[in-house]
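Asker: I have a structure here, written as structure tokens, and I will follow up with some questions on it.
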Amino acid sequence: MRIAQVCPYAWDAPGGVQVHVRELAANLRSRGHDVLIAAPALRGIREPGVAVAGRAVRIRYQGTVAPIAPVSWVAVRGILRRSRPDVIHAHEPLAPSTSMAAAMTARVPVVATFHAHVERSGLFDLAAPALRPIWRRLAARIAVSGAAARFVSDRLGDSVRVIPNGVDVELFGSAAPAEDLPPGRRLLWVGRLDPQKGFPVAVRAFERLASEMPDLWFVVAGDGADRAVLGDLPLAARERVIVLGTVE
């Protein structure tokens with residue numbers, strides 16, 4: 001089967017959706033499918049199996065920055081016409097980027113995956129009526145969590161199936177344990193340190209647990225503006241924080 005995986009975010013920017021699309025494409029290829037990834041980019045990139053669909057720009061929204069390509073319709077339409085997929089898998093097709101363009105111009109079934117959830121979105125509330133034509137074009141609707149499903153279904157309707165993100169078990173199962181960390185129990189954080197990810201909640205949880213578990217360490221893999229909240233920890237707890245920074 002020929003499958004087009006359409007990512008709305010810049011392929012050369014770090015992000016969970018990009019990782020999801022990359023790993024899903026690799027798994028589908030291992031099963032014998034012909035998979036093309038279409039995504040915008042911040043810069044020119046050359047990667048086998050990836051077609052650049054427009055130049056991405058960084059848009060600030062809900063406390064984070066989304067590298068999307070609002071003007072990508074012509075590029076997306078050309079990629080789909082040349083690749084002639086049997087099915088299109090559009091990630092976040094309600095975001096004004098390549099996935100929306102693919103869903104609107106598709107002549108084959110479109111599967112959509114919704115990744116995002118925020119507590120409130122006045123912009124989405126206002127735009128929901130205009131997004132219904134795209135919603136109706138989707139042959140199947142997937143969300144990676146119950147929260148992501150509710151975020152769209154509360155505004156556009158039900159029929160969203162929850163399929164959590166997959167994990168390459170072999171990749172993690174064969175990883176060697178770190179040898180340079182102190183002995184004891186560890187609370188691990190992996191992700192960007194920005195308001196959307198809730199890092200302060202993890203910090204508060206560690207503070208509570210640290211008072212009960214003298215052998216507990218807080219290992220932080222990631223960086224961002226919310227790193228400053230570590231300074232709010234009591235000194236005794238702060239001395240048991242290991243900040244690794246951004247990890248590839």
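Lettering and numbering for the structure tokens are positional, with chains as A, B, ... in the shown order, residues counted from 1 in each chain, and ligands counted from 1 in the shown order.
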Write out as a list in words the residues lying within 12 Å of Glu23 of chain A, counting only C-alpha atoms and excluding same-chain residues fewer than 2 positions away.
Answerer: Gln5, Gly16, Val17, Gln18, Val19, His20, Val21, Ala25, Ala26, Asn27, Leu28, Arg29, Ser30, Val35, Ile37, Asn165, Gly166, Val167, Asp168 and Leu171 of chain A
Asker: Skip Ala103 of chain A itself and residues of its chain fewer than 5 positions away, then list as a ChimeraX atom specification all residues within 8 Å of it, counting only C-alpha atoms.
Answerer: /A:88,90,93,110,134,137-138
Asker: Skip Gly245 of chain A itself and residues of its chain fewer than 3 positions away, then list as a PyMOL selection string all residues within 8 Å of it, counting only C-alpha atoms.
Answerer: chain A and resi 220-223
Asker: Just the residues within 10 Å of Val219 of chain A, please, counting only C-alpha atoms, with nothing from its chain fewer than 3 positions along; format it as a list in words.
Answerer: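 Contacts, in chain order: Leu181, Arg186, Leu187, Leu188, Trp189, Val190, Leu216, Gly222, Arg240, Val241, Ile242, Val243, Leu244 and Gly245 of chain A.
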Asker: Find the spatial neighbours of Ile79 of chain A, counting only C-alpha atoms, within a cut-off of 9 Å - ignore same-chain residues fewer than 2 positions away - and output them as a ChimeraX atom specification.
Answerer: /A:38,51-53,74-77,81-84
Asker: When DSSP is applied to the backbone of this structure, which of segment 22-223 of chain A are assigned strand (DSSP E or B)? Write them out as JSON, numbers by chain.
Answerer: {"A": [34, 35, 36, 37, 38, 39, 40, 41, 50, 51, 52, 53, 54, 55, 57, 58, 59, 60, 61, 64, 65, 66, 67, 68, 87, 88, 89, 90, 91, 110, 111, 112, 113, 114, 140, 141, 142, 143, 161, 162, 185, 186, 187, 188, 189, 190, 216, 217, 218, 219, 220, 221]}
Asker: Write a file of the selected residues as a compact mmCIF listing (two decimals), in the first residue's frame, keeping N, CA and C atoms.
Answerer:
# COMPACT_ATOMS: atom_id res chain seq x y z
N ASP A 34 4.82 1.20 1.13
CA ASP A 34 5.56 2.31 0.52
C ASP A 34 5.09 3.59 1.19
N VAL A 35 5.96 4.20 2.00
CA VAL A 35 5.55 5.35 2.82
C VAL A 35 6.35 6.59 2.42
N LEU A 36 5.61 7.66 2.15
CA LEU A 36 6.22 8.96 1.90
C LEU A 36 5.80 9.91 3.00
N ILE A 37 6.75 10.63 3.57
CA ILE A 37 6.45 11.65 4.58
C ILE A 37 6.45 13.02 3.92
N ALA A 38 5.39 13.76 4.11
CA ALA A 38 5.31 15.15 3.63
C ALA A 38 5.26 16.07 4.84
N ALA A 39 6.17 17.02 4.90
CA ALA A 39 6.26 17.92 6.05
C ALA A 39 6.94 19.21 5.63
N PRO A 40 6.62 20.31 6.30
CA PRO A 40 7.36 21.56 6.03
C PRO A 40 8.74 21.49 6.67
N ALA A 41 9.54 22.51 6.42
CA ALA A 41 10.88 22.57 7.01
C ALA A 41 11.25 24.02 7.25
N VAL A 50 11.30 11.61 2.44
CA VAL A 50 10.67 12.82 2.98
C VAL A 50 10.58 13.87 1.88
N ALA A 51 9.38 14.41 1.67
CA ALA A 51 9.16 15.48 0.71
C ALA A 51 8.86 16.76 1.47
N VAL A 52 9.62 17.82 1.22
CA VAL A 52 9.41 19.09 1.91
C VAL A 52 8.20 19.79 1.31
N ALA A 53 7.24 20.12 2.16
CA ALA A 53 5.99 20.73 1.73
C ALA A 53 5.89 22.13 2.31
N GLY A 54 6.66 23.06 1.78
CA GLY A 54 6.57 24.45 2.21
C GLY A 54 7.57 24.82 3.27
N ARG A 55 7.80 26.11 3.39
CA ARG A 55 8.71 26.66 4.40
C ARG A 55 7.94 26.94 5.69
N VAL A 57 7.17 28.47 9.43
CA VAL A 57 7.40 29.68 10.23
C VAL A 57 6.98 29.36 11.66
N ARG A 58 7.63 30.01 12.61
CA ARG A 58 7.35 29.75 14.03
C ARG A 58 6.19 30.62 14.49
N ILE A 59 5.10 29.98 14.96
CA ILE A 59 3.91 30.66 15.42
C ILE A 59 3.75 30.41 16.92
N ARG A 60 3.62 31.47 17.70
CA ARG A 60 3.42 31.32 19.14
C ARG A 60 1.95 31.04 19.43
N TYR A 61 1.71 30.03 20.27
CA TYR A 61 0.33 29.65 20.60
C TYR A 61 0.34 28.84 21.88
N THR A 64 3.63 27.96 23.75
CA THR A 64 4.69 27.25 23.05
C THR A 64 4.83 27.85 21.65
N VAL A 65 5.77 27.32 20.87
CA VAL A 65 6.01 27.81 19.51
C VAL A 65 5.82 26.64 18.56
N ALA A 66 4.90 26.80 17.60
CA ALA A 66 4.62 25.74 16.64
C ALA A 66 5.23 26.11 15.28
N PRO A 67 6.18 25.32 14.77
CA PRO A 67 6.76 25.61 13.46
C PRO A 67 5.91 25.00 12.34
N ILE A 68 4.96 25.77 11.83
CA ILE A 68 4.00 25.27 10.84
C ILE A 68 4.16 26.03 9.52
N VAL A 87 -3.81 5.94 0.68
CA VAL A 87 -4.41 6.51 1.88
C VAL A 87 -3.49 7.60 2.41
N ILE A 88 -4.09 8.62 3.01
CA ILE A 88 -3.34 9.72 3.60
C ILE A 88 -3.54 9.68 5.11
N HIS A 89 -2.44 9.73 5.85
CA HIS A 89 -2.52 9.82 7.31
C HIS A 89 -2.08 11.23 7.69
N ALA A 90 -3.05 12.07 8.04
CA ALA A 90 -2.79 13.47 8.35
C ALA A 90 -2.77 13.67 9.86
N HIS A 91 -1.67 14.20 10.36
CA HIS A 91 -1.53 14.44 11.80
C HIS A 91 -1.90 15.89 12.09
N VAL A 110 -8.75 9.65 4.13
CA VAL A 110 -7.85 10.36 5.03
C VAL A 110 -8.05 9.85 6.45
N VAL A 111 -6.97 9.35 7.05
CA VAL A 111 -6.96 8.99 8.47
C VAL A 111 -6.32 10.15 9.21
N ALA A 112 -6.93 10.58 10.30
CA ALA A 112 -6.40 11.72 11.06
C ALA A 112 -6.00 11.27 12.46
N THR A 113 -4.87 11.79 12.92
CA THR A 113 -4.47 11.58 14.31
C THR A 113 -4.35 12.93 15.00
N PHE A 114 -4.99 13.04 16.16
CA PHE A 114 -4.97 14.27 16.95
C PHE A 114 -4.06 14.03 18.17
N ALA A 140 -11.35 8.26 9.13
CA ALA A 140 -11.11 7.69 10.46
C ALA A 140 -10.43 8.74 11.31
N ARG A 141 -10.79 8.78 12.60
CA ARG A 141 -10.26 9.79 13.51
C ARG A 141 -9.64 9.09 14.72
N ILE A 142 -8.38 9.41 14.98
CA ILE A 142 -7.62 8.80 16.06
C ILE A 142 -7.11 9.91 16.97
N ALA A 143 -7.07 9.66 18.27
CA ALA A 143 -6.42 10.55 19.22
C ALA A 143 -5.45 9.73 20.05
N ARG A 161 -11.35 7.52 18.01
CA ARG A 161 -10.83 6.33 18.68
C ARG A 161 -9.48 6.65 19.31
N VAL A 162 -9.29 6.25 20.56
CA VAL A 162 -8.04 6.50 21.26
C VAL A 162 -7.07 5.36 21.01
N ARG A 185 16.56 5.54 44.28
CA ARG A 185 15.41 5.62 43.39
C ARG A 185 15.43 6.91 42.59
N ARG A 186 14.79 6.90 41.41
CA ARG A 186 14.85 8.06 40.53
C ARG A 186 13.47 8.40 39.98
N LEU A 187 13.16 9.67 39.99
CA LEU A 187 12.00 10.19 39.29
C LEU A 187 12.53 10.84 38.02
N LEU A 188 12.10 10.36 36.85
CA LEU A 188 12.64 10.82 35.57
C LEU A 188 11.63 11.70 34.84
N TRP A 189 12.11 12.84 34.38
CA TRP A 189 11.33 13.72 33.51
C TRP A 189 12.03 13.76 32.15
N VAL A 190 11.27 13.55 31.09
CA VAL A 190 11.79 13.68 29.72
C VAL A 190 10.83 14.56 28.93
N LEU A 216 15.67 9.33 46.96
CA LEU A 216 15.06 9.68 45.68
C LEU A 216 15.82 10.82 45.00
N TRP A 217 16.11 10.65 43.70
CA TRP A 217 16.74 11.67 42.88
C TRP A 217 15.79 12.07 41.75
N PHE A 218 15.87 13.31 41.34
CA PHE A 218 15.05 13.83 40.25
C PHE A 218 15.96 14.06 39.05
N VAL A 219 15.78 13.24 38.00
CA VAL A 219 16.61 13.32 36.80
C VAL A 219 15.80 14.01 35.71
N VAL A 220 16.32 15.11 35.19
CA VAL A 220 15.59 15.94 34.22
C VAL A 220 16.31 15.91 32.88
N ALA A 221 15.67 15.34 31.86
CA ALA A 221 16.20 15.34 30.50
C ALA A 221 15.34 16.30 29.68
Asker: Report, in Å with one decimal, the straight-line distance from atom CA of Val118 of chain A to atom CA of Ala225 of chain A.
Answerer: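 About the pair atom CA of Val118 of chain A and atom CA of Ala225 of chain A: they are 18.6 Å apart.
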